[in-house]
Every structure is written in C-alpha cells, then in structure tokens.
Amino acid sequence: MTKDNKLVEKNLELSFEFMRHLLSHPELEKSIPKEAQVVLLPDYDEKLRRFNLRNSKRQREKGQPVVYVRIKRLASGRPSRLVGTKIERVA
C-alpha cells in the first residue's frame, strides 16, 4: 500500500466518524455553509493534517466557502469517537 493510500484510508475513517459526530450533534450542521469544502484537520496526525490542507487548496473552487474541522483525538466506544472537535469557517 502506498503512503497516499494509507492517508486516504485514514480519511475514510475520519469522514465516517465526522458524519457520526454530526448525527450525534445535529446543531453543528448550521455552522457548515451549503456547498462548503469541509477540511478535516486531526491534531493527532501531522501527516494527515498536512495532506488534507494540501489537497483542499488544490480542489477548492473559486469563491467556495471553506470550513476547517479541527479534531484533537479519536476515542473508542462512544457514539462519536471525535474528541475536542471545533468547526470554524475560514473562507
């Protein structure tokens, strides 16, 4: 498996956990504008955070709102494993 494939796998898991987090906290959905690019930034994984920032800059459409989701860590055995999640609109 290539390095990028491993990062993509980690992103799939993180995306799934973020969706579970939104289902558990539906009020957070209001802080994400329609058509926004949502960028998951795990504090616990520097390589994945840099990978996601780099890809978000490449894929962003002109004028598109951007939201960073900062995640302190993943936990186990909870409805959502995301801990210390902060959503902030940056563009």
# chains A, B, ... in the order shown; residues from 1 in each chain; ligands from 1
$ select_by_dssp --residues "chain A" --states "strand (DSSP E or B)" --output "PyMOL selection string"
chain A and resi 37-42+66-71+73-74+82-83+86-89
$ residues_around --residues "stretch 61-72 of chain A" --least-positions-apart "3" --cutoff "9 Å" --atoms "only C-alpha atoms" --output "compact mmCIF listing (two decimals) with C-alpha atoms, in the first residue's frame"
# COMPACT_ATOMS: atom_id res chain seq x y z
CA PHE A 18 -17.31 13.09 11.41
CA SER A 31 -22.09 26.09 11.12
CA ILE A 32 -21.33 24.49 7.73
CA PRO A 33 -22.48 26.59 4.76
CA LYS A 34 -24.06 24.91 1.74
CA GLU A 35 -21.55 23.83 -0.89
CA ALA A 36 -18.70 24.34 1.59
CA GLN A 37 -15.46 22.46 1.35
CA VAL A 38 -15.06 20.67 4.69
CA VAL A 39 -11.42 20.01 5.62
CA LEU A 40 -10.75 17.52 8.42
CA LEU A 41 -7.64 18.51 10.39
CA PRO A 42 -6.63 15.93 13.00
CA ASP A 43 -4.30 17.42 15.64
CA TYR A 44 -3.06 13.93 16.46
CA SER A 56 -8.06 21.22 -0.04
CA LYS A 57 -6.07 24.03 -1.66
CA ARG A 58 -5.86 22.07 -4.93
CA LEU A 82 -14.15 12.51 17.73
CA VAL A 83 -12.93 14.34 20.82
CA GLY A 84 -12.38 18.09 21.08
CA THR A 85 -13.93 18.88 17.72
CA LYS A 86 -14.04 22.52 16.63
CA ILE A 87 -15.69 23.71 13.42
CA GLU A 88 -14.58 27.05 12.04
CA ARG A 89 -15.39 28.78 8.78
CA VAL A 90 -12.19 30.13 7.26
CA ALA A 91 -13.35 31.41 3.86
$ select_by_dssp --residues "chain A" --states "helix (DSSP H, G or I)" --output "PyMOL selection string"
chain A and resi 3-24+26-31+46-59
$ closest_residue --among "A:Ala75, A:Leu12, A:Leu22, A:Leu7" --to "A:Glu46" --atoms "only C-alpha atoms"
A:Leu7
